[in-house]
Amino acid sequence: MTRSRMLVLASSAALSALPVVAIPPLSAQEVDAREVVTLQDGWRFARGIQEDAHLPRFDDSEWAPVSVPHDWGVEGAFIPDGDGNTGKLDWRGEGWYRTWLEVPASWAGKRVYLIFDGVMAFPRVWVNGEFAGEWDYGYMSFHLDVTDLLRSGAPNLVAVHADTRAHDSRWYPGAGIYRKVQAVAVDPVHVDVWGTWVSTPVVQPHYADVRVITTVRNQTTEAEAVTVAQAIVNSEGREIARREVADTVRARGIRDLEVTIPLTNPRRWDVESPVLYSVRTTVSVEGRVRDATVTPFGVRTIRFDPDHGFWLNDRRLQLKGVNLHHDHGPLGAAFYPRAMERKLEIMKAMGVNAIRTSHNVEAPEVLAMADSMGLLVFNEVFDKYDGKADLTLETDFDEFAQRNIRNFVLRDRNHPSVFLWSVGNEIGDVQWNIDGGFQKLHTMVNNVRRYDPTRPVTLVNDNADAPVRRAFDYYDVLSWNYSRRWALARQMEPNKAVIISESASTLSTRGFYELPLPQDPTAFTDALQVSSYDLHAPWWAEVLDDDFMWQQQEPYIAGEFVWTGFDYLGEPTPYFNAAMEGFGYGPERASRSSYFGAVDLVGIPKDRYWLYRSQWRPEEATVHILPHWNWPDRVGEPVPVFVYTNGDCAELFLNGVSQGIDCKDPTSEVSTERSRLMWPELIHEPGELRAVALREGAVIGEASVRTAGETRALRLTPDRRTLSADGMDLSYILIEALDAEGNPAPLAMDRVSLEIEGPARITRVGNGNPQSFEPFEADYVDLFYGKAMLILGAGRETGAIRVQARAEGLREAETTVRVAESAGGR
C-alpha cells in the first residue's frame with residue numbers, strides 16, 4: 001500500500017496546498033517533533049450494509065480498491081428519471097471504507113490523531129474494531145484522538161462508515177470520504193489541533209502588533225513547565241522577530257500561552273500583492289523540543305463603511321466576487337487540489353477578487369490557495385439549519401452549533417483571505433423568527449464571535465420584507481440576494497454596509513444561441529438549453545448588467561457575488577424535474593447540472609465570462625464577439641451580434657465592410673446599453689466578423705469570428721504539460737473541432753475516442769452539456785458545440801504520456817504530457 005508520507009509543520013494537520021512561504025532550515029529536533037501521514041492509497045470500499053466491516057477479521061478482498069479523496073456518487077451511471085436538483089446521480093446510501101495504518105517505531109510514546117477534512121455524511125470511525133468517534137455535518141473537518149486504540153509494530157485497521165440517507169441537499173453533495181485524511185503523531189506535550197491563533201490587532205504604516213496565542217495540550221500524568229517560542233518568518237524565509245513565553249500546563253490539561261510581537265514596516269497582504277508571513281512555534285520542556293508547527297498569516301486591515309462599502313488596507317475595494325459550489329464537475333465532490341487551483345485561476349483571470357463558499361465549509365486547501373493567490377473569502381458554514389446541515393430531530397441545536405462553529409472558525413481564522421463569516425443562507429424561519437429563529441441565529445453568531453472577535457459576521461438573506469423583524473440586529477453586514485431586496489433593510493438600518501451576496505443568476509448554455517432574442521428573461525423554450533446571448537434569468541433574479549448598473553447607482557454597495565462562477569452538478573434551473581411537464585416532457589428529460597455559471601461544468605468560459613472580464617479588468621483589453629457565425633439557415637436574415645469589451649465603443653466589420661460604430665450609454669436606464677455593444681439586426685452572410693474596440697477614440701484591441709467550413713480535424717491543448725507523480729495531479733486537456741483552415745467548428749457534436757499511453761489515467765471526461773447523461777468515467781467524450789474536456793490524472797510513476805483523440809472522418813490529434821517526481825506545479 002502506498003501512502004503520501006511527509007514531515008511537515010502546520011498548526012493543524014498539514015495542508016497539501018499551503019501558501020507559498022519559505023521556511024528556514026529546521027533543526028533535527030523540530031523535524032522529529034511531528035509526523036504527518038496522508039492516508040491516500042490502499043483503501044477498500046463497498047456500498048450498502050456490510051455486517052462486521054469494522055472488525056479486523058472481516059474479509060474485504062472483494063471490495064473495490066480506491067484512493068482517498070473518493071466520491072462514490074459520481075462514479076456510476078446517471079439515473080435518467082432521478083432528481084436533477086442533486087445531479088441525477090446515485091449519491092444517497094451508505095458506504096464503508098477500510099485501510100491499514102502502519103505505526104512505525106518512531107511513534108512510540110506519541111499521541112496520534114486522525115484528521116478528516118470532510119466525510120459525506122454522518123461518519124463513524126473504528127480503529128482495530130473499537131469505536132473511535134463520529135461526526136454529523138458532512139462538510140465539516142473533524143479530528144479524533146485514536147492513540148489508545150493503536151497497536152505498535154502491527155497493522156492497524158481504520159474503518160469508516162459514511163451514510164448520506166438522512167442528508168438533505170439542494171445540489172449534488174457528493175458521498176463518502178471526499179477530502180483527505182491524515183494521521184498526525186505528536187509528543188504528549190504538543191500544540192493542540194488548530195491550536196495557534198495569529199491576529200494583528202494593531203496595524204500602522206510603520207509597524208504591526210502580531211498577537212500569537214498557542215494552545216498547548218499536556219497529555220502526560222504530571223504538570224509540565226513548557227516554553228513556547230514564537231518566531232516570525234518573512235516570505236523569503238528569514239526569521240525577523242522572536243518572543244518566548246513560559247508557563248506550567250497541568251496534567252491532562254491545556255493552557256493558552258500568548259505573546260505580542262512588534263513587526264517593523266510590515267508588508268501588507270492584499271489582493272494585488274498577497275504577501276504572507278508565518279509564525280514558527282516550538283514547544284519545549286527542559287530545553288528539548290516537544291512539538292513544532294508553522295502557521296502562515298498576513299498583515300492587513302479590513303473594515304466596512306455603511307456609505308462607502310468595503311475597505312482593505314485603508315482603500316476602498318469593490319468586491320468582484322463569485323459564488324462557488326464545492327463540486328468539481330466530472331470529478332464530483334472529490335477534492336483534487338489542482339482542480340480547485342485551476343478553478344480559482346480561471347476566476348482570477350475573469351477579474352474576480354473574492355469568493356463565497358456557498359453554502360458550506362470548503363476544504364482547508366481552498367483557504368490556503370486564496371491566501372497565496374490574493375482572493376478574499378466570504379466564508380460560509382451552512383445553508384439551512386435542517387437536514388442540509390445534517391441536523392436531525394434528535395440533534396441538540398446548541399451543542400451542534402458550538403461544536404461545528406468551533407471547528408469552522410479555529411481551522412480557518414488564521415487566513416488573511418477570510419474577511420467575513422456567514423452563519424447561513426436564505427433561512428426563512430430565521431429571517432422571520434419562526435420556531436425560535438432569532439435564538440438560533442443568536443447562538444450561531446455568538447459562537448463565531450467567541451472564537452474570532454476580529455471579523456464581522458453576517459447572515460445571507462433573500463426575503464425583501466423580513467427586515468421588519470430586525471434579524472439584522474444580530475449581525476454586522478447586510479447580505480442580500482437579488483433584485484434590490486436589500487432596500488428595506490438599508491432603509492431601516494442605514495448604519496450597516498450592504499453586500500449583494502448573490503447577484504444575477506443569469507442563465508446560459510455555452511455555445512448555444514436561439515432566435516429571436518427573448519423579450520422576457522424567463523421565456524425559456526423546449527430546447528432544454530438556454531441561449532448564450534445572456535438575456536435569460538429566473539423569476540427571482542436578473543441579468544448581470546442590472547447588478548453592474550445598481551452598483552453604479554448605489555455606490556454604498558460593497559460589491560457583488562455572482563451566482564455562479566462555475567456551473568455545478570444539480571440545480572438545473574429552469575429545466576428541473578417539476579418543470580418538465582410545462583415543456584411537454586417527463587422527468588427523464590430534466591437536466592443534471594446548472595446553467596448559472598460564467599464558466600461551464602468543465603471550465604470552458606461562456607460568453608458571460610468576457611462580459612464580467614470587460615467590467616472587472618478595465619486595465620486589460622477585452623474584445624469578445626458573439627455569437628458564432630455559422631448560420632446556414634439564416635443567410636440574408638438578421639442575426640444579432642454583441643460585443644463585450646472594456647472599450648467605450650467598437651466598430652463592427654462584416655467581410656471588411658463597416659456595420660457602424662456602437663457606444664455604451666452610461667446614463668441609460670436599460671442596463672444592457674451601459675455594458676454591451678449590440679447590432680441587433682445585422683444581416684447574416686458567411687465570412688468574417690471583426691470588431692475593433694475603441695477607448696477615447698484610440699484602438700485598444702480587436703477580435704474576429706469566422707464562418708467555419710466542414711469539420712476536418714481535432715486539436716488537443718493541455719493546460720499543463722508537466723505533472724507531479726503524487727497520484728493526485730491533473731492536466732485538463734481541451735478537445736476542439738476545427739475546419740480545414742484551422743477555424744473552430746462551433747456546431748461539432750462528434751464522438752471522440754481517447755487513448756492514453758504512459759503512467760497516467762483518464763480521470764474523467766466532460767463537455768459542459770447539462771443535458772448529457774454520458775458517464776464521466778469513459779474512454780470517449782462527445783463534443784458539445786465544438787469542445788470537450790479530458791481530465792488526465794497522474795499516477796505514482798514518472799515518464800512520458802501520449803494522448804490521442806480520434807473521431808470518425810476527422811484528422812486525429814495527439815499531444816504529450818510528462819509526469820515527473822516534482823513538477824513544481826507546472
# chains A, B, ... in the order shown; residues from 1 in each chain; ligands from 1
>>> select_by_dssp(residues="range 650-733 of chain A", states="strand (DSSP E or B)", output="PyMOL selection string")
chain A and resi 650-654+657-663+677-679+683+688-695+698-706+711-718+722-724+730-733
>>> residues_around(residues="Thr392 in chain A", least_positions_apart="3", cutoff="12 Å", atoms="only C-alpha atoms", output="short mmCIF file (atom, residue, chain, number, x, y, z; two decimals) with N, CA, C and O atoms, in the first residue's frame")
data_model
loop_
_atom_site.label_atom_id
_atom_site.label_comp_id
_atom_site.auth_asym_id
_atom_site.auth_seq_id
_atom_site.Cartn_x
_atom_site.Cartn_y
_atom_site.Cartn_z
N PHE A 122 -22.45 11.93 8.15
CA PHE A 122 -22.60 11.20 9.39
C PHE A 122 -21.52 10.12 9.55
O PHE A 122 -21.80 8.94 9.79
N ASP A 136 -21.27 14.58 12.42
CA ASP A 136 -22.55 14.63 11.71
C ASP A 136 -22.42 15.41 10.41
O ASP A 136 -22.58 14.87 9.32
N TYR A 137 -22.10 16.70 10.52
CA TYR A 137 -22.12 17.60 9.37
C TYR A 137 -21.07 17.18 8.34
O TYR A 137 -19.86 17.22 8.60
N ARG A 165 -28.09 8.90 3.76
CA ARG A 165 -29.54 8.73 3.64
C ARG A 165 -30.32 9.84 4.33
O ARG A 165 -31.41 10.20 3.87
N ALA A 166 -29.80 10.38 5.41
CA ALA A 166 -30.51 11.45 6.12
C ALA A 166 -30.06 12.84 5.69
O ALA A 166 -30.60 13.84 6.18
N HIS A 167 -29.08 12.90 4.78
CA HIS A 167 -28.60 14.21 4.34
C HIS A 167 -29.55 14.79 3.30
O HIS A 167 -29.98 14.11 2.37
N ASP A 168 -29.86 16.06 3.45
CA ASP A 168 -30.72 16.77 2.51
C ASP A 168 -29.87 17.77 1.75
O ASP A 168 -28.92 18.34 2.31
N TYR A 385 -30.64 25.50 8.49
CA TYR A 385 -30.49 24.79 9.76
C TYR A 385 -31.48 23.63 9.79
O TYR A 385 -32.47 23.63 10.54
N ASP A 386 -31.22 22.64 8.95
CA ASP A 386 -32.08 21.46 8.86
C ASP A 386 -31.24 20.32 8.32
O ASP A 386 -30.03 20.29 8.55
N GLY A 387 -31.84 19.40 7.60
CA GLY A 387 -31.10 18.26 7.09
C GLY A 387 -29.97 18.63 6.16
O GLY A 387 -29.07 17.81 5.93
N LYS A 388 -29.98 19.83 5.61
CA LYS A 388 -28.88 20.27 4.75
C LYS A 388 -27.61 20.52 5.57
O LYS A 388 -26.51 20.52 5.01
N ALA A 389 -27.77 20.74 6.86
CA ALA A 389 -26.63 20.85 7.78
C ALA A 389 -26.46 19.56 8.58
O ALA A 389 -25.70 19.53 9.54
N THR A 395 -31.15 16.17 17.23
CA THR A 395 -29.96 16.99 17.44
C THR A 395 -30.19 18.06 18.50
O THR A 395 -31.21 18.75 18.49
N ASP A 396 -29.23 18.19 19.41
CA ASP A 396 -29.21 19.30 20.36
C ASP A 396 -28.62 20.49 19.62
O ASP A 396 -27.41 20.52 19.34
N PHE A 397 -29.45 21.47 19.30
CA PHE A 397 -29.01 22.56 18.42
C PHE A 397 -27.84 23.33 19.02
O PHE A 397 -26.86 23.63 18.31
N PHE A 400 -24.66 21.25 18.83
CA PHE A 400 -24.28 21.14 17.42
C PHE A 400 -23.63 22.43 16.94
O PHE A 400 -22.58 22.41 16.29
#
>>> closest_residue(among="A:Glu681, A:Glu286, A:Glu588, A:Asp719", to="Gly603 in chain A", atoms="only C-alpha atoms")
A:Asp719
>>> residues_around(residues="range 96-98 of chain A", least_positions_apart="5", cutoff="7 Å", atoms="only C-alpha atoms", output="list in words")
Trp43, Arg44, Phe45, Ala46, Arg47, Leu157, Val158, Ala159, Val160, His161 and Ala162 of chain A
>>> residues_around(residues="Val817 in chain A", least_positions_apart="3", cutoff="12 Å", atoms="only C-alpha atoms", output="PyMOL selection string")
chain A and resi 716-724+729-733+756-761+792-794+798-804+814+820+823+826
>>> write_last_selection(atoms="C-alpha atoms", output="mmCIF file, in the first residue's frame")
data_model
loop_
_atom_site.group_PDB
_atom_site.id
_atom_site.type_symbol
_atom_site.label_atom_id
_atom_site.label_comp_id
_atom_site.auth_asym_id
_atom_site.auth_seq_id
_atom_site.Cartn_x
_atom_site.Cartn_y
_atom_site.Cartn_z
ATOM 1 C CA LEU A 716 -5.716 18.821 -28.083
ATOM 2 C CA THR A 717 -4.460 21.568 -25.746
ATOM 3 C CA PRO A 718 -3.269 20.627 -22.225
ATOM 4 C CA ASP A 719 -3.399 23.315 -19.581
ATOM 5 C CA ARG A 720 -0.221 21.803 -18.065
ATOM 6 C CA ARG A 721 2.399 19.600 -19.679
ATOM 7 C CA THR A 722 4.301 18.528 -16.558
ATOM 8 C CA LEU A 723 2.633 16.791 -13.629
ATOM 9 C CA SER A 724 3.807 15.541 -10.251
ATOM 10 C CA ASP A 729 -2.103 15.897 -10.031
ATOM 11 C CA LEU A 730 -4.214 16.703 -13.085
ATOM 12 C CA SER A 731 -3.928 18.114 -16.577
ATOM 13 C CA TYR A 732 -7.082 19.459 -18.211
ATOM 14 C CA ILE A 733 -6.805 18.772 -21.948
ATOM 15 C CA ILE A 756 -3.604 7.081 -23.200
ATOM 16 C CA GLU A 757 -0.132 5.555 -23.234
ATOM 17 C CA GLY A 758 2.117 6.026 -20.222
ATOM 18 C CA PRO A 759 1.912 6.491 -16.435
ATOM 19 C CA ALA A 760 -1.408 8.345 -16.309
ATOM 20 C CA ARG A 761 -5.120 7.645 -16.476
ATOM 21 C CA LEU A 792 -5.803 13.407 -17.201
ATOM 22 C CA GLY A 793 -4.611 12.125 -13.829
ATOM 23 C CA ALA A 794 -1.027 11.397 -12.808
ATOM 24 C CA THR A 798 7.198 9.025 -13.830
ATOM 25 C CA GLY A 799 7.508 9.125 -17.581
ATOM 26 C CA ALA A 800 6.079 10.438 -20.824
ATOM 27 C CA ILE A 801 2.385 10.196 -21.674
ATOM 28 C CA ARG A 802 0.938 10.172 -25.155
ATOM 29 C CA VAL A 803 -2.680 11.250 -25.520
ATOM 30 C CA GLN A 804 -4.549 10.508 -28.755
ATOM 31 C CA GLU A 814 -2.102 13.901 -30.375
ATOM 32 C CA ALA A 820 7.960 13.968 -13.029
ATOM 33 C CA ALA A 823 6.885 19.284 -11.147
ATOM 34 C CA ARG A 826 3.750 23.241 -13.715
#
>>> atom_distance(atom1="CA of Leu375 in chain A", atom2="CA of Asn353 in chain A")
5.0 Å
>>> residues_around(residues="Gln182 in chain A", least_positions_apart="3", cutoff="6 Å", atoms="only C-alpha atoms", output="PyMOL selection string")
chain A and resi 37-39+114-115
